[in-house]
Every structure is written in structure tokens, then in C-alpha cells.
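Shown here: protein.cif, mmCIF, C-alpha atoms.
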data_start
loop_
_atom_site.group_PDB
_atom_site.id
_atom_site.type_symbol
_atom_site.label_atom_id
_atom_site.label_comp_id
_atom_site.auth_asym_id
_atom_site.auth_seq_id
_atom_site.Cartn_x
_atom_site.Cartn_y
_atom_site.Cartn_z
ATOM 1 C CA MET L 1411 116.883 4.963 3.415
ATOM 2 C CA LEU L 1412 116.212 5.584 7.099
ATOM 3 C CA GLU L 1413 115.018 9.081 6.242
ATOM 4 C CA GLN L 1414 112.533 7.684 3.722
ATOM 5 C CA PHE L 1415 111.332 5.105 6.252
ATOM 6 C CA PHE L 1416 110.597 7.838 8.784
ATOM 7 C CA ILE L 1417 108.780 9.919 6.155
ATOM 8 C CA ASP L 1418 106.738 6.869 5.063
ATOM 9 C CA MET L 1419 105.953 5.942 8.658
ATOM 10 C CA GLU L 1420 104.203 9.267 9.155
ATOM 11 C CA GLN L 1421 101.886 8.412 6.240
ATOM 12 C CA TRP L 1422 100.744 5.072 7.653
ATOM 13 C CA PRO L 1423 96.965 5.076 8.321
ATOM 14 C CA ILE L 1424 97.566 4.362 12.018
ATOM 15 C CA SER L 1425 100.000 7.288 12.281
ATOM 16 C CA LYS L 1426 97.449 9.595 10.657
ATOM 17 C CA ALA L 1427 94.705 8.295 12.952
ATOM 18 C CA ILE L 1428 96.857 9.126 15.994
ATOM 19 C CA GLY L 1429 97.493 12.592 14.608
ATOM 20 C CA GLU L 1430 93.834 13.244 13.908
ATOM 21 C CA SER L 1431 92.681 12.174 17.354
ATOM 22 C CA LEU L 1432 92.390 14.986 19.878
ATOM 23 C CA TRP L 1433 93.370 12.903 22.865
ATOM 24 C CA ILE L 1434 95.419 9.808 21.838
ATOM 25 C CA TYR L 1435 98.715 11.676 21.477
ATOM 26 C CA PRO L 1436 98.500 13.726 24.727
ATOM 27 C CA VAL L 1437 97.309 10.739 26.783
ATOM 28 C CA ASP L 1438 100.062 8.605 25.280
ATOM 29 C CA GLN L 1439 102.625 11.285 26.188
ATOM 30 C CA ALA L 1440 101.305 11.335 29.750
ATOM 31 C CA LEU L 1441 101.410 7.533 30.084
ATOM 32 C CA HIS L 1442 104.951 7.540 28.663
ATOM 33 C CA LEU L 1443 105.962 9.866 31.490
ATOM 34 C CA VAL L 1444 104.299 7.681 34.148
ATOM 35 C CA GLY L 1445 106.174 4.709 32.682
ATOM 36 C CA MET L 1446 109.400 6.707 32.881
ATOM 37 C CA ALA L 1447 108.865 7.234 36.610
ATOM 38 C CA PHE L 1448 108.409 3.477 37.158
ATOM 39 C CA LEU L 1449 111.437 2.671 35.009
ATOM 40 C CA LEU L 1450 113.553 5.295 36.763
ATOM 41 C CA GLY L 1451 112.473 3.899 40.127
ATOM 42 C CA ALA L 1452 113.896 0.477 39.211
ATOM 43 C CA VAL L 1453 117.011 2.038 37.651
ATOM 44 C CA MET L 1454 117.564 4.172 40.754
ATOM 45 C CA MET L 1455 117.318 1.183 43.089
ATOM 46 C CA VAL L 1456 120.002 -0.632 41.078
ATOM 47 C CA ASN L 1457 122.340 2.335 40.770
ATOM 48 C CA LEU L 1458 121.899 3.605 44.318
ATOM 49 C CA ARG L 1459 122.839 0.123 45.546
ATOM 50 C CA LEU L 1460 125.918 0.110 43.295
ATOM 51 C CA LEU L 1461 126.836 3.487 44.779
ATOM 52 C CA GLY L 1462 126.584 2.072 48.303
ATOM 53 C CA LEU L 1463 123.482 4.195 48.954
ATOM 54 C CA GLY L 1464 119.898 2.968 48.904
ATOM 55 C CA ILE L 1465 118.963 -0.354 50.522
ATOM 56 C CA THR L 1466 122.435 -1.427 51.625
ATOM 57 C CA LYS L 1467 121.178 -4.175 53.971
ATOM 58 C CA THR L 1468 119.931 -6.083 50.911
ATOM 59 C CA SER L 1469 122.554 -7.882 48.820
ATOM 60 C CA LEU L 1470 123.537 -6.634 45.359
ATOM 61 C CA ALA L 1471 122.106 -9.817 43.816
ATOM 62 C CA GLN L 1472 118.761 -9.458 45.579
ATOM 63 C CA VAL L 1473 118.358 -5.785 44.658
ATOM 64 C CA ALA L 1474 119.048 -6.636 41.017
ATOM 65 C CA ARG L 1475 116.568 -9.538 41.081
ATOM 66 C CA SER L 1476 113.850 -7.378 42.664
ATOM 67 C CA ALA L 1477 114.393 -4.474 40.265
ATOM 68 C CA ARG L 1478 114.703 -6.593 37.105
ATOM 69 C CA PRO L 1479 110.993 -7.270 36.356
ATOM 70 C CA TRP L 1480 110.142 -3.580 36.855
ATOM 71 C CA PHE L 1481 113.054 -2.546 34.674
ATOM 72 C CA ILE L 1482 112.063 -4.955 31.877
ATOM 73 C CA GLY L 1483 108.326 -4.238 32.219
ATOM 74 C CA GLY L 1484 108.999 -0.493 32.365
ATOM 75 C CA MET L 1485 111.145 -0.644 29.244
ATOM 76 C CA ILE L 1486 108.475 -2.596 27.314
ATOM 77 C CA PHE L 1487 105.836 -0.088 28.424
ATOM 78 C CA MET L 1488 108.092 2.813 27.346
ATOM 79 C CA ILE L 1489 108.558 1.307 23.878
ATOM 80 C CA LEU L 1490 104.814 0.653 23.514
ATOM 81 C CA THR L 1491 103.918 4.215 24.514
ATOM 82 C CA GLY L 1492 106.884 5.754 22.676
ATOM 83 C CA LEU L 1493 106.172 4.206 19.274
ATOM 84 C CA PRO L 1494 102.804 5.961 18.671
ATOM 85 C CA GLN L 1495 104.480 9.323 19.389
ATOM 86 C CA LEU L 1496 107.284 8.505 16.985
ATOM 87 C CA MET L 1497 104.900 7.312 14.264
ATOM 88 C CA GLN L 1498 102.780 10.427 14.374
ATOM 89 C CA ASN L 1499 105.783 12.762 14.396
ATOM 90 C CA ALA L 1500 108.263 10.659 12.439
ATOM 91 C CA SER L 1501 109.703 13.296 10.109
ATOM 92 C CA ARG L 1502 109.964 15.904 12.865
ATOM 93 C CA GLU L 1503 111.738 13.376 15.074
ATOM 94 C CA TYR L 1504 114.068 12.327 12.263
ATOM 95 C CA TYR L 1505 115.304 15.887 11.795
ATOM 96 C CA SER L 1506 115.474 16.604 15.532
ATOM 97 C CA GLU L 1507 118.971 16.417 16.990
ATOM 98 C CA TYR L 1508 117.357 15.842 20.409
ATOM 99 C CA PHE L 1509 115.580 12.697 19.220
ATOM 100 C CA TRP L 1510 118.843 11.129 18.105
ATOM 101 C CA ARG L 1511 120.658 12.290 21.241
ATOM 102 C CA LYS L 1512 117.933 10.600 23.285
ATOM 103 C CA MET L 1513 118.277 7.380 21.273
ATOM 104 C CA TYR L 1514 122.082 7.243 21.601
ATOM 105 C CA PHE L 1515 121.952 7.865 25.340
ATOM 106 C CA LEU L 1516 119.096 5.368 25.671
ATOM 107 C CA ALA L 1517 121.167 2.690 23.930
ATOM 108 C CA ALA L 1518 124.157 3.436 26.189
ATOM 109 C CA SER L 1519 121.965 3.515 29.328
ATOM 110 C CA LEU L 1520 120.359 0.181 28.447
ATOM 111 C CA VAL L 1521 123.701 -1.509 27.819
ATOM 112 C CA VAL L 1522 125.191 -0.230 31.089
ATOM 113 C CA THR L 1523 122.061 -1.077 33.128
ATOM 114 C CA ILE L 1524 121.673 -4.582 31.660
ATOM 115 C CA ILE L 1525 125.362 -5.327 32.281
ATOM 116 C CA SER L 1526 125.042 -3.928 35.832
ATOM 117 C CA ILE L 1527 122.020 -6.109 36.609
ATOM 118 C CA ARG L 1528 123.751 -9.203 35.196
ATOM 119 C CA TYR L 1529 126.878 -8.441 37.208
ATOM 120 C CA MET L 1530 124.901 -7.870 40.413
ATOM 121 C CA THR L 1531 122.803 -11.045 40.148
ATOM 122 C CA ARG L 1532 126.028 -13.098 39.957
ATOM 123 C CA GLN L 1533 127.535 -11.642 43.112
ATOM 124 C CA PRO L 1534 127.562 -13.657 46.339
ATOM 125 C CA ASP L 1535 125.403 -12.269 49.150
ATOM 126 C CA SER L 1536 128.512 -11.120 50.983
ATOM 127 C CA ALA L 1537 129.695 -8.929 48.101
ATOM 128 C CA GLY L 1538 130.000 -5.224 48.858
ATOM 129 C CA THR L 1539 130.383 -2.155 46.712
ATOM 130 C CA THR L 1540 133.708 -1.366 45.084
ATOM 131 C CA MET L 1541 135.164 1.715 43.473
ATOM 132 C CA GLY L 1542 134.215 0.165 40.128
ATOM 133 C CA SER L 1543 130.604 -0.412 41.158
ATOM 134 C CA LYS L 1544 130.315 3.139 42.488
ATOM 135 C CA LEU L 1545 131.678 4.633 39.291
ATOM 136 C CA THR L 1546 129.306 2.450 37.259
ATOM 137 C CA GLY L 1547 126.308 3.524 39.365
ATOM 138 C CA ALA L 1548 127.165 7.219 39.015
ATOM 139 C CA PHE L 1549 127.903 6.895 35.285
ATOM 140 C CA SER L 1550 124.655 5.022 34.680
ATOM 141 C CA LEU L 1551 122.560 7.651 36.506
ATOM 142 C CA LEU L 1552 124.250 10.354 34.457
ATOM 143 C CA LEU L 1553 123.401 8.470 31.261
ATOM 144 C CA TRP L 1554 119.730 8.137 32.250
ATOM 145 C CA VAL L 1555 119.480 11.866 33.039
ATOM 146 C CA ASN L 1556 120.784 12.464 29.536
ATOM 147 C CA VAL L 1557 117.970 10.342 28.136
ATOM 148 C CA ILE L 1558 115.306 12.433 29.867
ATOM 149 C CA ILE L 1559 116.792 15.857 29.025
ATOM 150 C CA PRO L 1560 116.732 15.588 25.204
ATOM 151 C CA ALA L 1561 113.447 13.642 25.384
ATOM 152 C CA ARG L 1562 111.702 16.667 26.877
ATOM 153 C CA LEU L 1563 113.568 19.076 24.598
ATOM 154 C CA ILE L 1564 112.227 17.388 21.407
ATOM 155 C CA GLY L 1565 108.845 19.019 21.923
ATOM 156 C CA LEU L 1566 110.219 22.334 23.175
ATOM 157 C CA PHE L 1567 112.816 23.151 20.535
ATOM 158 C CA THR L 1568 111.530 21.668 17.278
ATOM 159 C CA MET Q 372 83.171 28.371 32.770
ATOM 160 C CA PHE Q 373 85.976 26.814 34.772
ATOM 161 C CA SER Q 374 88.070 29.975 34.547
ATOM 162 C CA GLU Q 375 85.092 31.991 35.872
ATOM 163 C CA LEU Q 376 85.251 29.987 39.084
ATOM 164 C CA LEU Q 377 88.829 31.103 39.508
ATOM 165 C CA ALA Q 378 88.171 34.764 38.705
ATOM 166 C CA PRO Q 379 89.344 35.957 42.146
ATOM 167 C CA LEU Q 380 92.764 34.488 41.381
ATOM 168 C CA ARG Q 381 92.988 36.317 38.099
ATOM 169 C CA SER Q 382 94.093 39.617 39.617
ATOM 170 C CA LEU Q 383 96.870 37.849 41.525
ATOM 171 C CA ALA Q 384 97.936 35.996 38.382
ATOM 172 C CA GLU Q 385 97.911 39.277 36.425
ATOM 173 C CA PHE Q 386 99.964 40.996 39.123
ATOM 174 C CA VAL Q 387 102.604 38.242 39.082
ATOM 175 C CA ASP Q 388 102.471 38.145 35.296
ATOM 176 C CA MET Q 389 103.537 41.797 35.107
ATOM 177 C CA MET Q 390 106.504 41.411 37.461
ATOM 178 C CA PRO Q 391 109.792 42.023 35.603
ATOM 179 C CA ALA Q 392 111.234 38.637 36.663
ATOM 180 C CA SER Q 393 108.142 36.820 35.406
ATOM 181 C CA ILE Q 394 108.291 38.653 32.068
ATOM 182 C CA ALA Q 395 112.021 37.965 31.752
ATOM 183 C CA PHE Q 396 111.420 34.251 32.456
ATOM 184 C CA ARG Q 397 108.741 34.006 29.766
ATOM 185 C CA GLU Q 398 110.843 35.834 27.221
ATOM 186 C CA SER Q 399 113.997 33.816 27.827
ATOM 187 C CA ILE Q 400 114.924 31.362 25.103
ATOM 188 C CA TYR Q 401 116.655 28.831 27.330
ATOM 189 C CA VAL Q 402 115.711 29.425 30.992
ATOM 190 C CA SER Q 403 112.050 28.530 30.567
ATOM 191 C CA PRO Q 404 112.477 25.253 28.604
ATOM 192 C CA TYR Q 405 115.406 24.103 30.740
ATOM 193 C CA THR Q 406 113.411 24.765 33.917
ATOM 194 C CA THR Q 407 110.711 22.507 32.436
ATOM 195 C CA VAL Q 408 113.388 19.895 31.749
ATOM 196 C CA ALA Q 409 114.755 20.180 35.302
ATOM 197 C CA HIS Q 410 111.198 19.785 36.643
ATOM 198 C CA VAL Q 411 110.713 16.596 34.596
ATOM 199 C CA VAL Q 412 114.087 15.132 35.629
ATOM 200 C CA ALA Q 413 113.447 15.897 39.326
ATOM 201 C CA MET Q 414 109.917 14.496 39.030
ATOM 202 C CA CYS Q 415 111.086 11.248 37.418
ATOM 203 C CA PHE Q 416 113.635 10.575 40.173
ATOM 204 C CA PHE Q 417 111.336 11.701 42.968
ATOM 205 C CA ALA Q 418 108.235 9.882 41.699
ATOM 206 C CA GLY Q 419 110.365 6.850 40.806
ATOM 207 C CA LEU Q 420 111.463 6.407 44.416
ATOM 208 C CA ILE Q 421 107.953 7.116 45.746
ATOM 209 C CA LEU Q 422 106.514 4.484 43.385
ATOM 210 C CA ILE Q 423 109.115 1.936 44.538
ATOM 211 C CA MET Q 424 107.987 2.486 48.135
ATOM 212 C CA ASP Q 425 104.351 2.151 47.015
ATOM 213 C CA LEU Q 426 105.166 -1.148 45.284
ATOM 214 C CA ARG Q 427 106.830 -2.354 48.501
ATOM 215 C CA LEU Q 428 103.703 -1.383 50.480
ATOM 216 C CA LEU Q 429 101.554 -3.268 47.971
ATOM 217 C CA GLY Q 430 103.816 -6.306 48.398
ATOM 218 C CA TRP Q 431 104.819 -6.270 44.718
ATOM 219 C CA ALA Q 432 108.549 -5.464 44.881
ATOM 220 C CA PHE Q 433 111.596 -5.536 47.183
ATOM 221 C CA MET Q 434 109.865 -7.896 49.618
ATOM 222 C CA GLU Q 435 113.276 -9.234 50.741
ATOM 223 C CA THR Q 436 114.043 -5.813 52.186
ATOM 224 C CA SER Q 437 112.359 -4.785 55.425
ATOM 225 C CA PHE Q 438 109.933 -1.920 54.890
ATOM 226 C CA SER Q 439 111.530 0.178 57.641
ATOM 227 C CA HIS Q 440 114.986 -0.088 56.022
ATOM 228 C CA LEU Q 441 113.626 0.802 52.570
ATOM 229 C CA GLN Q 442 111.658 3.719 53.990
ATOM 230 C CA ARG Q 443 114.600 5.033 56.032
ATOM 231 C CA ARG Q 444 117.049 4.829 53.115
ATOM 232 C CA LEU Q 445 114.774 6.287 50.441
ATOM 233 C CA PHE Q 446 113.128 9.056 52.466
ATOM 234 C CA PRO Q 447 116.003 11.624 52.276
ATOM 235 C CA LEU Q 448 116.343 11.086 48.521
ATOM 236 C CA GLN Q 449 112.585 11.388 48.034
ATOM 237 C CA MET Q 450 112.594 14.658 49.966
ATOM 238 C CA LEU Q 451 115.522 15.983 47.916
ATOM 239 C CA GLY Q 452 113.702 15.097 44.687
ATOM 240 C CA MET Q 453 110.484 16.646 45.963
ATOM 241 C CA ALA Q 454 112.286 19.866 46.933
ATOM 242 C CA LEU Q 455 113.820 20.138 43.448
ATOM 243 C CA ALA Q 456 110.503 19.338 41.725
ATOM 244 C CA ALA Q 457 108.622 21.833 43.936
ATOM 245 C CA ALA Q 458 111.232 24.588 43.452
ATOM 246 C CA THR Q 459 111.290 24.223 39.653
ATOM 247 C CA GLY Q 460 107.487 23.916 39.624
ATOM 248 C CA LEU Q 461 107.146 27.171 41.573
ATOM 249 C CA VAL Q 462 109.463 28.952 39.141
ATOM 250 C CA LEU Q 463 107.448 27.639 36.174
ATOM 251 C CA THR Q 464 104.193 28.856 37.729
ATOM 252 C CA PHE Q 465 105.738 32.220 38.617
ATOM 253 C CA GLY Q 466 107.018 32.577 35.064
ATOM 254 C CA ASP Q 467 103.663 32.071 33.356
ATOM 255 C CA PRO Q 468 100.845 32.439 35.921
ATOM 256 C CA LEU Q 469 98.136 33.332 33.408
ATOM 257 C CA ARG Q 470 98.722 30.049 31.635
ATOM 258 C CA PHE Q 471 98.183 28.027 34.786
ATOM 259 C CA TYR Q 472 95.550 29.732 36.896
ATOM 260 C CA GLY Q 473 92.628 28.794 34.627
ATOM 261 C CA ASN Q 474 93.940 25.396 33.588
ATOM 262 C CA ILE Q 475 91.890 22.455 34.815
ATOM 263 C CA PHE Q 476 94.813 20.036 34.566
ATOM 264 C CA PHE Q 477 97.000 22.330 36.678
ATOM 265 C CA TRP Q 478 94.370 22.369 39.419
ATOM 266 C CA THR Q 479 93.789 18.629 39.104
ATOM 267 C CA LYS Q 480 97.527 18.178 39.637
ATOM 268 C CA MET Q 481 97.523 20.505 42.669
ATOM 269 C CA CYS Q 482 94.501 18.744 44.215
ATOM 270 C CA MET Q 483 96.130 15.345 43.687
ATOM 271 C CA ILE Q 484 99.365 16.557 45.303
ATOM 272 C CA ALA Q 485 97.320 17.758 48.298
ATOM 273 C CA LEU Q 486 95.637 14.337 48.471
ATOM 274 C CA THR Q 487 99.037 12.579 48.402
ATOM 275 C CA GLY Q 488 99.954 14.707 51.413
ATOM 276 C CA ILE Q 489 96.785 13.637 53.245
ATOM 277 C CA ASN Q 490 97.482 10.003 52.323
ATOM 278 C CA ALA Q 491 101.057 10.290 53.637
ATOM 279 C CA MET Q 492 99.805 11.843 56.896
ATOM 280 C CA ALA Q 493 97.191 9.105 57.278
ATOM 281 C CA PHE Q 494 99.946 6.515 56.833
ATOM 282 C CA GLU Q 495 102.170 8.304 59.342
ATOM 283 C CA TYR Q 496 99.477 8.527 62.031
ATOM 284 C CA VAL Q 497 97.607 5.256 61.452
ATOM 285 C CA THR Q 498 99.718 2.612 59.711
ATOM 286 C CA GLN Q 499 103.282 3.602 60.682
ATOM 287 C CA ASP Q 500 102.795 2.328 64.247
ATOM 288 C CA THR Q 501 101.933 -1.130 62.916
ATOM 289 C CA VAL Q 502 105.134 -1.430 60.800
ATOM 290 C CA PRO Q 503 107.099 -3.542 63.357
ATOM 291 C CA ALA Q 504 104.376 -6.216 63.118
ATOM 292 C CA TRP Q 505 104.817 -6.717 59.352
ATOM 293 C CA ASP Q 506 108.209 -5.118 58.635
ATOM 294 C CA GLU Q 507 109.739 -8.304 57.261
ATOM 295 C CA ALA Q 508 106.556 -10.319 56.620
ATOM 296 C CA PRO Q 509 106.143 -11.827 53.140
ATOM 297 C CA ILE Q 510 102.692 -10.223 52.830
ATOM 298 C CA THR Q 511 101.801 -6.645 53.743
ATOM 299 C CA PRO Q 512 98.565 -5.924 55.638
ATOM 300 C CA TYR Q 513 95.466 -4.308 54.151
ATOM 301 C CA GLY Q 514 96.276 -0.859 55.563
ATOM 302 C CA ALA Q 515 99.736 -0.842 53.981
ATOM 303 C CA LYS Q 516 98.376 -2.046 50.638
ATOM 304 C CA LEU Q 517 95.709 0.666 50.737
ATOM 305 C CA ALA Q 518 98.275 3.397 51.465
ATOM 306 C CA GLY Q 519 100.567 2.135 48.693
ATOM 307 C CA GLY Q 520 97.768 1.703 46.144
ATOM 308 C CA VAL Q 521 96.275 5.127 46.857
ATOM 309 C CA SER Q 522 99.703 6.798 46.672
ATOM 310 C CA LEU Q 523 100.530 5.004 43.411
ATOM 311 C CA ALA Q 524 97.223 6.033 41.837
ATOM 312 C CA LEU Q 525 97.507 9.627 43.060
ATOM 313 C CA TRP Q 526 101.105 10.168 41.933
ATOM 314 C CA SER Q 527 100.358 8.622 38.539
ATOM 315 C CA THR Q 528 97.457 11.068 38.205
ATOM 316 C CA VAL Q 529 99.746 13.946 39.227
ATOM 317 C CA ILE Q 530 102.126 13.028 36.393
ATOM 318 C CA VAL Q 531 99.328 12.563 33.835
ATOM 319 C CA ALA Q 532 97.624 15.846 34.787
ATOM 320 C CA GLY Q 533 100.979 17.668 34.737
ATOM 321 C CA ARG Q 534 101.760 16.456 31.243
ATOM 322 C CA LEU Q 535 98.284 17.431 30.013
ATOM 323 C CA ILE Q 536 98.601 21.074 31.167
ATOM 324 C CA PRO Q 537 99.622 22.270 27.648
ATOM 325 C CA TYR Q 538 96.427 20.690 26.260
ATOM 326 C CA ASN Q 539 93.843 22.969 27.803
ATOM 327 C CA TRP Q 540 90.801 21.319 26.233
ATOM 328 C CA PHE Q 541 88.348 22.886 28.678
ATOM 329 C CA ALA Q 542 89.445 26.507 28.427
#

Let me see the structure of the file written as C-alpha cells.
Amino acid sequence: MLEQFFIDMEQWPISKAIGESLWIYPVDQALHLVGMAFLLGAVMMVNLRLLGLGITKTSLAQVARSARPWFIGGMIFMILTGLPQLMQNASREYYSEYFWRKMYFLAASLVVTIISIRYMTRQPDSAGTTMGSKLTGAFSLLLWVNVIIPARLIGLFT
Amino acid sequence: MFSELLAPLRSLAEFVDMMPASIAFRESIYVSPYTTVAHVVAMCFFAGLILIMDLRLLGWAFMETSFSHLQRRLFPLQMLGMALAAATGLVLTFGDPLRFYGNIFFWTKMCMIALTGINAMAFEYVTQDTVPAWDEAPITPYGAKLAGGVSLALWSTVIVAGRLIPYNWFA
């Protein structure tokens, strides 16, 4: 069923229009990458703080509150710029192991980052980093790296 | 036409292109794509932290943190990311010089990187001295906003141009 949906998606008029345009797809790819840098910036600020690196003079709660709009905005921008690429290449993406690896790691990264931000915003200003927060920060960064790696490999190995 | 302007570089590119290490890099199944991946990962982390500092200069994010603290804490990580991005970028260029030397997007990217350097130097020599006056202020001054806005625009263009290198529309 999912396979058929992906195959159908590629036949949508809008998907074909993206494919026929010389510049929409490349420009969309480029904007997706710019969005990734913004998103990663917010993610890094959260995780570096959890690791006890980064802006340690600012409380966990404040770092999370400052990073949150950029994380949410970045994620929305990534979905908006990611969808046209998926639509135009739907069947190739469906059969690409890298696409699914990216999606699984993305889901895991989002869950861990959202939980981290929620946890941080509830901490009192005096709260410091713990072994648990450091492990979470390191684990989360590792997850995000594993979103980027297969994302770039989709185009290189399929 | 564009590649004609760069004709003097062609002999250098051809010389590098024929070096055994360059040929081996191009012919490798995994080294070349994974170097590209490493370049993208390094760039995302490096540019991510640069953009955060730009947003702070613009007064759009992390305003509860003094600029000097943010700058001091992020600088070593930014430099580490830049070193990794530059090293992997050099290897990529070395591995396929003929692909890059006549590519308008490659040169756009290089020019933009040079401009980011000039912008950073201008900040260092002009605006940095004024930091104590607005370090913890709720609004950043015009000079800081300008430096942050210019850096944000330039680095975004670097990323866009870099991603467009495979699409050499003007060859």
C-alpha cells in the first residue's frame, strides 16, 4: 500500500512539474541544506548545554526556551523543502535503504530532542548537568549525524 | 565563456587531475562519496554554530546570554568544524579538480567564503571593541546587526552555491 502511494505520488501533476523544471529541484535541495544548518545550530545549542559545553552560564531552561522556536521553525522549513524532493523522486526514495535509514533516525532524533527540550524547560535555574544529561546530549548528537549521513547518500548511491 | 576566463588554471587542474592520488580518489567507490558526506556533516555543524552567533548579533536568539560568553564558548567549536569542512573540501577539490575549476558555483562559493573572512575581520577590528557596551543589552547595535546579517546572508549563499556545484548550468 505504501509502495503504491509512493509510486502514485511521483505521478501527481505537481511532482511532474517539479521534475520538469530545470531549477526547482536543485534550488529546493540547496534551501533544504541551509535549513539543516539552522536546525542543527538549534540542536547543537541544546545538546552542547546538556553535555556541559556550550553556553554554560545560561540555565538549561533558558537555553531550551531560546533554541525552541528555531528548532520548531527549522523542522517546519525542512519538511516544506523536503516534501518536493520526495514527491519528485518518490519511487527512487521508496526503494532506497538510505531514505528509510534517514527517516528512522529522524524519528528517533526528534523524539529525543523534543523530550530533552521539555525536560530542560522544566528545570530550575540552578540545575546543572548530570551524567544522564551528558549521555542524552551525546546520544542525540550521534542520532542527528546519522540523519545527515544517509540523507546525503540517497543521491550518491541510488 | 566562463571557463575561458579560467584557462590559466586549467593546466594546474590538469596536472593535479593526473596525480595518482587524485585518480585513485576519483575511482574509489566509497572514499569519494563518504568524503562528500563528511564535508556536509562538518558544514552543518560549523555553519549551524556560525548562524546561531549571527542570530545573536541580529538580536533574534539567545538574548539572555551575553554575547561575549556565547562567542567565547562557540568559537573553538566553530573553528573545529571549519577545519574539518576545509580539510574535506580540499580533498574533494584535489580529487576532481577538472570538475571544479570551471564551475561558476564553485567560484561563487569560494568568493563568498572570502567575503565571510573579510566580514569577520571587519567585526574583529571595528565592532569587537564595542562589545562591552552592549554585551548584555536587550537590543544589539546597528554595527552588530550588520555584521550578523551579512554573515548570515553570506554563509547561506556559500551553502546554496556549494549544493548547486553538480548543476553546472553555465558550462

Contacts of region 1427-1444 of chain L at 9 Å or less, counting only C-alpha atoms, minus same-chain residues fewer than 2 places along, as a PyMOL selection string?
(chain L and resi 1422-1425+1446-1449+1487-1492+1494-1495+1497-1499) or (chain Q and resi 411+415+418+526-528+530-535+538)

Specify as a ChimeraX atom specification each residue included when the PyMOL selection byres ((chain Q) within 10 of (chain L)) is applied to this file.
/Q:400-401,403-405,407-409,411-424,426,431-437,440-446,448,526-538,540

Could you give me, as a ChimeraX atom specification, the residues that sit within 10 Å of (95.8, 35.1, 35.7) in the file's coordinates, counting all atoms listed in the file?
/Q:374,377-388,467-473

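Minimum atom-to-atom distance to Ala454 (chain Q), evaluated using only C-alpha atoms, belongs to Q:His410 out of Q:His410, Q:Glu398, Q:Thr511, Q:Asp500.
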
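Between Met1513 (chain L) and the residues L:Gln1533, L:Met1541, L:Ile1564, L:Gly1547, the shortest atom-to-atom distance, using all atoms listed in the file, involves L:Ile1564.
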
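Nearest to Arg1511 (chain L) of all the residues L:Val1456, L:Leu1461, L:Leu1553, L:Leu1545 is L:Leu1553, based on all atoms listed in the file.
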